[in-house]
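**Student:** Shown below is the structure under consideration.
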Amino acid sequence: MNERKDFYIGYIDDVSPATKKFLKRTVLILALVILTTAAIFSLSQQPFANSTFELSNETKISGVYHKSPYPMLRVEVEKGVYKNILLLGFGKFGANMYIDALKAKEGTLINRRLTIEGNLIYYNGKTLLQITNEQKITLEPERSSSKTDLASVVGDFELEGEVVDPKCYFGVMKPGKGKIHRSCASLCIAGGMPPVLVTTDSNNISEYFLLTDLKGQPIHSDILPYIGQPSKLNGTVEKLEDWYVMKIDVSNIEKLNKNSEIY
Amino acid sequence: MGLDYQTILWNKHKKVYDKLILAFMLMYLLVFAGLTFTFNAQTTIETLIIRAFGTLAVIMLHIILAIGPISRLNTSFLPLLYNRRHLGVSMFLAAAVHGVFSMIQFHTLGNVNPVYSIFTSNLDYTSLTNFPFQVLGFVALIILFFMAATSHDFWLKNLSPSVWKKLHMMVYVAYALIILHVFLGAFQQETSPFTIGFLSIGFVTIVSLHLIAGFNEVKTDTKKSEKDESNWLYVCRTGEIEEDRAKIFTVDKERVAIFKYEGKLSAIHNVCKHQGGPLGEGKIVDGCITCPWHGYQYLPGNGQSPPPFTEKVATYELKLVKDKIYLNPEAFPEGTEVKPVNC
Amino acid sequence: MTSNLRRRHLFMWIGILVILPVLMILAIINIPKFPVNDQLVEIASSNKGAVLKTAITDNVELKLIEAASKKILEIQILQPLKASSATVHILNDDLSKGDFIGQISAKGIYKFPIEKEINGISIFDHIKGEEITKIQF
């Protein structure tokens, strides 16, 4: 056995030619293994959504504030045509703390025109705005005459999909859904972001539903056990211009992957 | 082995080894990032970092775990074992980048402390697929941290080799945790037959190598030997041992190495004091028995490391009947001088 | 290694061999499948009528359809637009943004009645104040 005659000692510089040759071959094989692994892991990633989070770019938007029941800004994109921008806070928090701070000074903000400078988040037709500071909200002097009740009932539905936090889903994280992201979504929703149900149809077209309780009030901590996994929800769907709102009883949510219980 | 500890006793091979580790890690990260930007450009930098470093740590762990048994099966791989701890520390660093970025991304800026959030943001501990897989990764990272932090002969000496070895065998627990972390985490969402297949093949390879190497050792350990009238054990004939090499002989499941050198025979306990390397698979170099794992040296006549080193192993008495070697199974205290038998 | 240590190694790997595959296989079997939901789809009653003109880009498909002597502009968003808002306008001859047609948002099919002659559209982002794309028939 030649190999046995080659006795490698790490602190002695000289290495026999046979050992050298063997090591060179091993290094080459390892290089191939590394390259193959990198390719396998990189190329088997699922496609990322073309969602956007403008972290380093602030945009000023003006519109009429309403809470239905989550803070939104109704922005006129063309005469008589509106887009409702969902307002969110910094990090894993909702926008309420900034809104409340301004409310304490100015009284109710409902139906008043605000200009907010923040970071836009948008994907697939939905737009959200991250507010990082209450100083960036300005109250416009004019009173708005817009309608107060924008919602119209669509009907009762039983929908299957995933409950996500809209901030991550619509742009901050990729992917901002599913099991890996579940903890983050829980923190976001616990921190005051609205829970959103995402459904997908067989043409891979998604619909988004802001979830509220049966009285139309915000839901946060009650829905945490159902986030990030396939669930079935029952409730009344209302259309709020370009958003759907679904009024649900959290205790009726059904988890669809219950076969994974281990004890 | 020195009395004074330096951060690292550099030598030529260590430098080459470390350069290769660094080069391979950079190559992996660049290829991963390059392919992602080319074919899946909508990624975020955070996701890219988390995935590139996480997968890098996984592949490095497989290589680390393969080195041990593969060196038992083919001694040509021993040079990879020599500085394996450098690979281990590098793997920990890659895993730490993955862990820290994941924690920042998913668990900071919320209404609770990020570490608390790892354990509480998903409470489905009773479910398999909904299990909070982050906890598995977190515990594995803590194990790897303690291993990396004690990856130095200073700790080996101060914790005692047996405690140190126990701590470092926790890498198997870390491996199991990491595999589950991936199967209950990434694979639940980023399901791809290629990645699942890859880790499954990796699992089969690693387990097979360890079990083959392990059962080979069991065979050696259970060999029975014949006794003579004074309870000495027959080892072999002198011609069966190569010059400057040893024959490993099992006494009550413990191994003794019988070395032949300069027309003499000496027997010492087979286990190196450093990390338990098999001295009998070593060689006599410059008159010293040299351990094949990390080059620790012992004098064949008394089982002591040459000064200034202080390691000592047990020695045994031999006798020769014609060309048949017999061994007294009663070991002498470590470092006892025994006169070599001439052959 | 001492025989004790060797035994411990072996037992650990036998343990891993027994336990881990079971959990790995259970994990793979139980990967959650996200359901498909077709209740809210307005079936794209595509083209009852003659298609007069079409145009297609990477993420938008345009059709001008004539049915019952009325012209309909059908816009299909094939991939989500990367825009904070999207309104559709007639594209003037000088390629400037003309009359407003309607608002579009998510991936899907949109239909707008058209009265004028139309040679193309401009999709405009009001929030950013910039044109997203122009498409000509």
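Residues in the structure tokens are named by chain (A, B, ... in the order shown) and by number from 1 within that chain; ligands are numbered from 1 in the order shown.
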I need the contact residues of chain C against chain B, so if you could list those with any atom within 10 Å, counting only C-alpha atoms, and return them as an MDAnalysis selection string, that would help.
**Tutor:** chainID C and resid 1:14 16:17 19:21 23:33
**Student:** List every residue of chain B that has an atom at most 7 Å from any atom of chain A, giving for each one its closest atom pair and the distance in Å to one decimal, counting only C-alpha atoms, sorted by chain and then by ascending residue number, as JSON lines.
**Tutor:**
```
{"residue": "B:Asn11", "atom": "CA", "partner": "A:Tyr11", "partner_atom": "CA", "distance": 5.9}
{"residue": "B:Lys12", "atom": "CA", "partner": "A:Asp13", "partner_atom": "CA", "distance": 6.2}
{"residue": "B:His13", "atom": "CA", "partner": "A:Gly10", "partner_atom": "CA", "distance": 6.3}
{"residue": "B:Phe24", "atom": "CA", "partner": "A:Ala31", "partner_atom": "CA", "distance": 6.9}
{"residue": "B:Tyr28", "atom": "CA", "partner": "A:Ala38", "partner_atom": "CA", "distance": 5.7}
{"residue": "B:Val31", "atom": "CA", "partner": "A:Ala38", "partner_atom": "CA", "distance": 6.1}
{"residue": "B:Phe32", "atom": "CA", "partner": "A:Ala38", "partner_atom": "CA", "distance": 5.1}
{"residue": "B:Leu35", "atom": "CA", "partner": "A:Ser42", "partner_atom": "CA", "distance": 6.3}
{"residue": "B:Thr36", "atom": "CA", "partner": "A:Ser42", "partner_atom": "CA", "distance": 5.8}
{"residue": "B:Asn40", "atom": "CA", "partner": "A:Pro47", "partner_atom": "CA", "distance": 6.0}
{"residue": "B:Gln42", "atom": "CA", "partner": "A:Phe48", "partner_atom": "CA", "distance": 5.5}
{"residue": "B:Thr43", "atom": "CA", "partner": "A:Phe48", "partner_atom": "CA", "distance": 5.8}
{"residue": "B:Thr44", "atom": "CA", "partner": "A:Lys174", "partner_atom": "CA", "distance": 6.5}
{"residue": "B:Thr47", "atom": "CA", "partner": "A:Lys174", "partner_atom": "CA", "distance": 6.8}
{"residue": "B:Ser76", "atom": "CA", "partner": "A:Glu3", "partner_atom": "CA", "distance": 6.2}
{"residue": "B:Pro79", "atom": "CA", "partner": "A:Tyr8", "partner_atom": "CA", "distance": 6.6}
{"residue": "B:Tyr82", "atom": "CA", "partner": "A:Gly10", "partner_atom": "CA", "distance": 6.5}
{"residue": "B:Phe106", "atom": "CA", "partner": "A:Cys184", "partner_atom": "CA", "distance": 4.6}
{"residue": "B:His107", "atom": "CA", "partner": "A:Cys184", "partner_atom": "CA", "distance": 6.0}
{"residue": "B:Leu109", "atom": "CA", "partner": "A:Gly91", "partner_atom": "CA", "distance": 4.9}
{"residue": "B:Gly110", "atom": "CA", "partner": "A:Lys92", "partner_atom": "CA", "distance": 4.8}
{"residue": "B:Asn111", "atom": "CA", "partner": "A:Gly191", "partner_atom": "CA", "distance": 6.0}
{"residue": "B:Ser121", "atom": "CA", "partner": "A:Ser183", "partner_atom": "CA", "distance": 5.0}
{"residue": "B:Asn122", "atom": "CA", "partner": "A:Ser183", "partner_atom": "CA", "distance": 5.8}
{"residue": "B:Thr126", "atom": "CA", "partner": "A:Ile262", "partner_atom": "CA", "distance": 6.0}
{"residue": "B:Ser127", "atom": "CA", "partner": "A:Glu261", "partner_atom": "CA", "distance": 4.2}
{"residue": "B:Leu128", "atom": "CA", "partner": "A:Ser260", "partner_atom": "CA", "distance": 5.5}
{"residue": "B:Thr129", "atom": "CA", "partner": "A:Ser260", "partner_atom": "CA", "distance": 5.8}
{"residue": "B:Gly185", "atom": "CA", "partner": "A:Ile180", "partner_atom": "CA", "distance": 5.9}
{"residue": "B:Ala186", "atom": "CA", "partner": "A:Ile180", "partner_atom": "CA", "distance": 6.4}
{"residue": "B:Gln188", "atom": "CA", "partner": "A:Lys179", "partner_atom": "CA", "distance": 6.8}
{"residue": "B:Gln189", "atom": "CA", "partner": "A:Lys179", "partner_atom": "CA", "distance": 6.3}
{"residue": "B:Glu190", "atom": "CA", "partner": "A:Gln46", "partner_atom": "CA", "distance": 6.5}
{"residue": "B:Ser192", "atom": "CA", "partner": "A:Ser44", "partner_atom": "CA", "distance": 6.2}
{"residue": "B:Phe194", "atom": "CA", "partner": "A:Ile40", "partner_atom": "CA", "distance": 6.8}
{"residue": "B:Thr195", "atom": "CA", "partner": "A:Phe41", "partner_atom": "CA", "distance": 6.4}
{"residue": "B:His294", "atom": "CA", "partner": "A:Gly10", "partner_atom": "CA", "distance": 6.7}
{"residue": "B:Gly295", "atom": "CA", "partner": "A:Ile9", "partner_atom": "CA", "distance": 5.6}
```
**Student:** Could you please take those selected residues and save N, CA and C atoms as an mmCIF file, in the first residue's frame?
**Tutor:**
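In the end it all went to out18.cif:
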```
data_model
loop_
_atom_site.group_PDB
_atom_site.id
_atom_site.type_symbol
_atom_site.label_atom_id
_atom_site.label_comp_id
_atom_site.auth_asym_id
_atom_site.auth_seq_id
_atom_site.Cartn_x
_atom_site.Cartn_y
_atom_site.Cartn_z
ATOM 1 N N ASN B 11 1.240 27.164 10.308
ATOM 2 C CA ASN B 11 2.234 26.487 9.495
ATOM 3 C C ASN B 11 1.742 26.529 8.056
ATOM 4 N N LYS B 12 2.606 26.095 7.171
ATOM 5 C CA LYS B 12 2.319 26.238 5.741
ATOM 6 C C LYS B 12 0.978 25.587 5.363
ATOM 7 N N HIS B 13 0.777 24.355 5.858
ATOM 8 C CA HIS B 13 -0.433 23.641 5.453
ATOM 9 C C HIS B 13 -1.699 24.299 5.977
ATOM 10 N N PHE B 24 -13.275 28.642 -1.317
ATOM 11 C CA PHE B 24 -14.468 27.845 -1.600
ATOM 12 C C PHE B 24 -15.725 28.545 -1.110
ATOM 13 N N TYR B 28 -18.709 29.745 -3.520
ATOM 14 C CA TYR B 28 -20.102 29.319 -3.327
ATOM 15 C C TYR B 28 -21.036 30.529 -3.315
ATOM 16 N N VAL B 31 -21.292 32.236 -6.778
ATOM 17 C CA VAL B 31 -22.080 31.466 -7.747
ATOM 18 C C VAL B 31 -23.561 31.523 -7.365
ATOM 19 N N PHE B 32 -23.846 31.363 -6.082
ATOM 20 C CA PHE B 32 -25.247 31.406 -5.640
ATOM 21 C C PHE B 32 -25.867 32.762 -5.988
ATOM 22 N N LEU B 35 -26.123 33.385 -9.940
ATOM 23 C CA LEU B 35 -27.229 32.661 -10.577
ATOM 24 C C LEU B 35 -28.572 33.244 -10.156
ATOM 25 N N THR B 36 -28.673 33.643 -8.891
ATOM 26 C CA THR B 36 -29.943 34.219 -8.425
ATOM 27 C C THR B 36 -30.225 35.527 -9.148
ATOM 28 N N ASN B 40 -33.347 34.991 -11.233
ATOM 29 C CA ASN B 40 -34.428 35.282 -10.294
ATOM 30 C C ASN B 40 -34.182 36.655 -9.671
ATOM 31 N N GLN B 42 -35.638 39.320 -8.972
ATOM 32 C CA GLN B 42 -36.501 40.094 -8.073
ATOM 33 C C GLN B 42 -36.224 39.826 -6.599
ATOM 34 N N THR B 43 -35.202 39.065 -6.299
ATOM 35 C CA THR B 43 -34.903 38.749 -4.898
ATOM 36 C C THR B 43 -34.595 40.019 -4.109
ATOM 37 N N THR B 44 -34.656 39.916 -2.789
ATOM 38 C CA THR B 44 -34.148 41.025 -1.965
ATOM 39 C C THR B 44 -32.777 40.614 -1.464
ATOM 40 N N THR B 47 -32.985 38.297 1.650
ATOM 41 C CA THR B 47 -33.314 36.910 1.336
ATOM 42 C C THR B 47 -32.106 36.211 0.725
ATOM 43 N N SER B 76 -5.625 8.345 3.274
ATOM 44 C CA SER B 76 -5.170 9.443 2.422
ATOM 45 C C SER B 76 -5.914 10.737 2.713
ATOM 46 N N PRO B 79 -5.009 14.418 5.767
ATOM 47 C CA PRO B 79 -4.676 15.853 5.740
ATOM 48 C C PRO B 79 -5.907 16.762 5.883
ATOM 49 N N TYR B 82 -6.666 17.059 9.653
ATOM 50 C CA TYR B 82 -5.672 17.745 10.458
ATOM 51 C C TYR B 82 -6.144 19.116 10.943
ATOM 52 N N PHE B 106 -36.802 38.689 10.482
ATOM 53 C CA PHE B 106 -38.104 38.165 10.879
ATOM 54 C C PHE B 106 -38.503 38.515 12.310
ATOM 55 N N HIS B 107 -37.535 38.828 13.150
ATOM 56 C CA HIS B 107 -37.882 38.936 14.573
ATOM 57 C C HIS B 107 -37.583 40.287 15.224
ATOM 58 N N LEU B 109 -37.672 44.660 15.377
ATOM 59 C CA LEU B 109 -38.590 45.773 15.094
ATOM 60 C C LEU B 109 -40.041 45.411 15.408
ATOM 61 N N GLY B 110 -40.243 44.469 16.298
ATOM 62 C CA GLY B 110 -41.601 44.117 16.680
ATOM 63 C C GLY B 110 -41.881 44.548 18.110
ATOM 64 N N ASN B 111 -42.996 44.045 18.642
ATOM 65 C CA ASN B 111 -43.370 44.474 19.987
ATOM 66 C C ASN B 111 -42.785 43.581 21.085
ATOM 67 N N SER B 121 -43.346 33.323 18.718
ATOM 68 C CA SER B 121 -44.166 33.880 17.641
ATOM 69 C C SER B 121 -44.930 32.781 16.906
ATOM 70 N N ASN B 122 -44.498 31.553 17.058
ATOM 71 C CA ASN B 122 -45.252 30.430 16.503
ATOM 72 C C ASN B 122 -45.325 29.399 17.621
ATOM 73 N N THR B 126 -46.975 21.436 19.007
ATOM 74 C CA THR B 126 -47.560 20.100 18.956
ATOM 75 C C THR B 126 -47.737 19.604 17.533
ATOM 76 N N SER B 127 -47.405 20.436 16.573
ATOM 77 C CA SER B 127 -47.587 20.047 15.187
ATOM 78 C C SER B 127 -46.228 19.737 14.590
ATOM 79 N N LEU B 128 -46.205 18.836 13.618
ATOM 80 C CA LEU B 128 -44.922 18.549 12.981
ATOM 81 C C LEU B 128 -44.593 19.619 11.944
ATOM 82 N N THR B 129 -45.476 19.762 10.946
ATOM 83 C CA THR B 129 -45.110 20.684 9.860
ATOM 84 C C THR B 129 -45.273 22.152 10.250
ATOM 85 N N GLY B 185 -38.717 23.749 7.814
ATOM 86 C CA GLY B 185 -38.735 25.177 7.497
ATOM 87 C C GLY B 185 -38.751 25.381 6.001
ATOM 88 N N ALA B 186 -37.564 25.557 5.441
ATOM 89 C CA ALA B 186 -37.438 25.888 4.022
ATOM 90 C C ALA B 186 -38.230 24.930 3.121
ATOM 91 N N GLN B 188 -40.832 23.254 3.619
ATOM 92 C CA GLN B 188 -42.288 23.335 3.702
ATOM 93 C C GLN B 188 -42.823 24.384 2.730
ATOM 94 N N GLN B 189 -41.945 25.265 2.309
ATOM 95 C CA GLN B 189 -42.389 26.365 1.459
ATOM 96 C C GLN B 189 -41.690 26.354 0.114
ATOM 97 N N GLU B 190 -40.358 26.274 0.151
ATOM 98 C CA GLU B 190 -39.580 26.228 -1.086
ATOM 99 C C GLU B 190 -39.365 24.759 -1.419
ATOM 100 N N SER B 192 -38.642 21.754 -3.467
ATOM 101 C CA SER B 192 -38.073 21.407 -4.766
ATOM 102 C C SER B 192 -37.505 19.997 -4.663
ATOM 103 N N PHE B 194 -35.143 18.787 -6.178
ATOM 104 C CA PHE B 194 -33.683 18.799 -6.253
ATOM 105 C C PHE B 194 -33.064 19.032 -4.881
ATOM 106 N N THR B 195 -33.579 20.031 -4.161
ATOM 107 C CA THR B 195 -32.971 20.325 -2.859
ATOM 108 C C THR B 195 -33.304 19.227 -1.858
ATOM 109 N N HIS B 294 -2.905 14.532 14.444
ATOM 110 C CA HIS B 294 -2.381 15.899 14.550
ATOM 111 C C HIS B 294 -0.887 15.934 14.838
ATOM 112 N N GLY B 295 -0.212 14.773 14.652
ATOM 113 C CA GLY B 295 1.238 14.764 14.771
ATOM 114 C C GLY B 295 1.788 14.848 16.188
#
```
**Student:** Which residues of chain C are close to chain A, meaning at most 7 Å apart when you count only C-alpha atoms, and how do they look as a PyMOL selection string?
**Tutor:** chain C and resi 30+32+34-38+80-85+105-108+126-127
**Student:** Selected residues, C-alpha atoms, written as an mmCIF file, in the first residue's frame, please.
**Tutor:**
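The new file result.cif reads:
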```
data_model
loop_
_atom_site.group_PDB
_atom_site.id
_atom_site.type_symbol
_atom_site.label_atom_id
_atom_site.label_comp_id
_atom_site.auth_asym_id
_atom_site.auth_seq_id
_atom_site.Cartn_x
_atom_site.Cartn_y
_atom_site.Cartn_z
ATOM 1 C CA ASN C 30 -47.277 16.884 5.239
ATOM 2 C CA PRO C 32 -49.120 22.177 3.215
ATOM 3 C CA PHE C 34 -52.437 26.042 -0.535
ATOM 4 C CA PRO C 35 -55.943 25.735 -1.942
ATOM 5 C CA VAL C 36 -57.260 27.162 -5.168
ATOM 6 C CA ASN C 37 -60.285 29.391 -4.969
ATOM 7 C CA ASP C 38 -62.453 30.084 -7.964
ATOM 8 C CA PRO C 80 -48.449 42.186 -11.933
ATOM 9 C CA LEU C 81 -47.486 45.709 -12.961
ATOM 10 C CA LYS C 82 -44.649 47.195 -10.955
ATOM 11 C CA ALA C 83 -46.497 50.414 -10.193
ATOM 12 C CA SER C 84 -48.081 52.181 -7.238
ATOM 13 C CA SER C 85 -51.222 53.033 -9.254
ATOM 14 C CA SER C 105 -54.895 47.106 -10.683
ATOM 15 C CA ALA C 106 -54.257 43.398 -10.116
ATOM 16 C CA LYS C 107 -53.422 40.704 -12.619
ATOM 17 C CA GLY C 108 -56.539 39.815 -14.577
ATOM 18 C CA HIS C 126 -50.683 59.063 -10.850
ATOM 19 C CA ILE C 127 -49.045 58.638 -7.445
#
```
**Student:** For Ile56 in chain C, please output as a ChimeraX atom specification all residues within 9 Å (counting only C-alpha atoms; exclusion window: fewer than 6 positions along the same chain).
**Tutor:** /C:62-63,135-137
**Student:** Could you pull the residues within 12 Å of Gln217 in chain A, counting only C-alpha atoms, minus those fewer than 2 positions along the same chain, as a list in words?
**Tutor:**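 That gives Lys67, Ser68, Pro69, Tyr70, Pro71, Pro194, Pro195, Leu210, Leu211, Thr212, Asp213, Leu214, Lys215, Ile219, His220, Val245, Met246, Lys247, Ile248 and Asp249 of chain A.
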**Student:** From a backbone DSSP assignment, name each residue in chain C labelled alpha helix (DSSP H), as a PyMOL selection string.
**Tutor:** chain C and resi 3-29
**Student:** With N, CA, C and O atoms retained, could you export that selection as a compact mmCIF listing (two decimals), in the first residue's frame?
**Tutor:**
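The result, written out as part.txt:
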```txt
# COMPACT_ATOMS: atom_id res chain seq x y z
N SER C 3 -12.78 2.58 23.48
CA SER C 3 -13.90 1.79 22.97
C SER C 3 -15.23 2.42 23.38
O SER C 3 -16.21 2.35 22.66
N ASN C 4 -15.22 3.04 24.57
CA ASN C 4 -16.41 3.74 25.03
C ASN C 4 -16.86 4.82 24.06
O ASN C 4 -18.03 4.94 23.70
N LEU C 5 -15.88 5.61 23.63
CA LEU C 5 -16.14 6.73 22.73
C LEU C 5 -16.59 6.21 21.37
O LEU C 5 -17.51 6.76 20.76
N ARG C 6 -15.95 5.11 20.95
CA ARG C 6 -16.35 4.52 19.67
C ARG C 6 -17.80 4.05 19.73
O ARG C 6 -18.58 4.27 18.81
N ARG C 7 -18.15 3.43 20.88
CA ARG C 7 -19.51 2.92 21.02
C ARG C 7 -20.50 4.09 21.00
O ARG C 7 -21.56 4.03 20.39
N ARG C 8 -20.11 5.16 21.69
CA ARG C 8 -21.01 6.32 21.75
C ARG C 8 -21.26 6.90 20.35
O ARG C 8 -22.38 7.25 20.00
N HIS C 9 -20.18 6.99 19.57
CA HIS C 9 -20.34 7.47 18.19
C HIS C 9 -21.33 6.59 17.42
O HIS C 9 -22.23 7.07 16.76
N LEU C 10 -21.10 5.29 17.54
CA LEU C 10 -21.91 4.36 16.77
C LEU C 10 -23.38 4.45 17.18
O LEU C 10 -24.27 4.54 16.33
N PHE C 11 -23.63 4.50 18.49
CA PHE C 11 -25.01 4.58 18.96
C PHE C 11 -25.68 5.86 18.49
O PHE C 11 -26.85 5.87 18.10
N MET C 12 -24.93 6.95 18.50
CA MET C 12 -25.51 8.22 18.05
C MET C 12 -25.95 8.12 16.60
O MET C 12 -27.03 8.56 16.23
N TRP C 13 -25.10 7.50 15.77
CA TRP C 13 -25.45 7.43 14.35
C TRP C 13 -26.58 6.44 14.11
O TRP C 13 -27.41 6.65 13.23
N ILE C 14 -26.62 5.37 14.91
CA ILE C 14 -27.75 4.45 14.76
C ILE C 14 -29.04 5.19 15.15
O ILE C 14 -30.06 5.10 14.47
N GLY C 15 -28.95 5.97 16.22
CA GLY C 15 -30.10 6.78 16.65
C GLY C 15 -30.56 7.73 15.56
O GLY C 15 -31.75 7.82 15.23
N ILE C 16 -29.58 8.42 14.96
CA ILE C 16 -29.92 9.37 13.88
C ILE C 16 -30.55 8.61 12.72
O ILE C 16 -31.54 9.04 12.14
N LEU C 17 -29.99 7.45 12.40
CA LEU C 17 -30.51 6.65 11.28
C LEU C 17 -31.96 6.23 11.53
O LEU C 17 -32.77 6.18 10.62
N VAL C 18 -32.28 5.95 12.79
CA VAL C 18 -33.63 5.48 13.09
C VAL C 18 -34.63 6.63 13.13
O VAL C 18 -35.70 6.57 12.54
N ILE C 19 -34.25 7.71 13.81
CA ILE C 19 -35.22 8.79 14.08
C ILE C 19 -35.39 9.74 12.90
O ILE C 19 -36.50 10.07 12.49
N LEU C 20 -34.27 10.21 12.37
CA LEU C 20 -34.34 11.31 11.40
C LEU C 20 -35.15 10.99 10.14
O LEU C 20 -35.99 11.80 9.74
N PRO C 21 -34.94 9.83 9.50
CA PRO C 21 -35.70 9.57 8.27
C PRO C 21 -37.22 9.61 8.49
O PRO C 21 -37.96 10.08 7.63
N VAL C 22 -37.66 9.12 9.65
CA VAL C 22 -39.10 9.12 9.92
C VAL C 22 -39.61 10.56 9.90
O VAL C 22 -40.61 10.89 9.24
N LEU C 23 -38.90 11.44 10.61
CA LEU C 23 -39.33 12.84 10.67
C LEU C 23 -39.20 13.51 9.31
O LEU C 23 -40.05 14.31 8.91
N MET C 24 -38.12 13.17 8.59
CA MET C 24 -37.93 13.78 7.27
C MET C 24 -39.09 13.38 6.34
O MET C 24 -39.65 14.23 5.64
N ILE C 25 -39.44 12.11 6.36
CA ILE C 25 -40.50 11.65 5.46
C ILE C 25 -41.85 12.25 5.87
O ILE C 25 -42.59 12.77 5.03
N LEU C 26 -42.12 12.26 7.18
CA LEU C 26 -43.38 12.87 7.64
C LEU C 26 -43.45 14.34 7.25
O LEU C 26 -44.49 14.84 6.84
N ALA C 27 -42.32 15.03 7.37
CA ALA C 27 -42.29 16.45 7.01
C ALA C 27 -42.62 16.65 5.55
O ALA C 27 -43.37 17.55 5.18
N ILE C 28 -42.07 15.79 4.70
CA ILE C 28 -42.30 15.95 3.26
C ILE C 28 -43.75 15.58 2.91
O ILE C 28 -44.41 16.26 2.13
N ILE C 29 -44.25 14.51 3.54
CA ILE C 29 -45.64 14.11 3.24
C ILE C 29 -46.62 15.22 3.62
O ILE C 29 -47.61 15.46 2.94
```
**Student:** Give the strand (DSSP E) residues of range 181-210 of chain A, as assigned by DSSP on the backbone, as a PyMOL selection string.
**Tutor:** chain A and resi 196-200+206-210
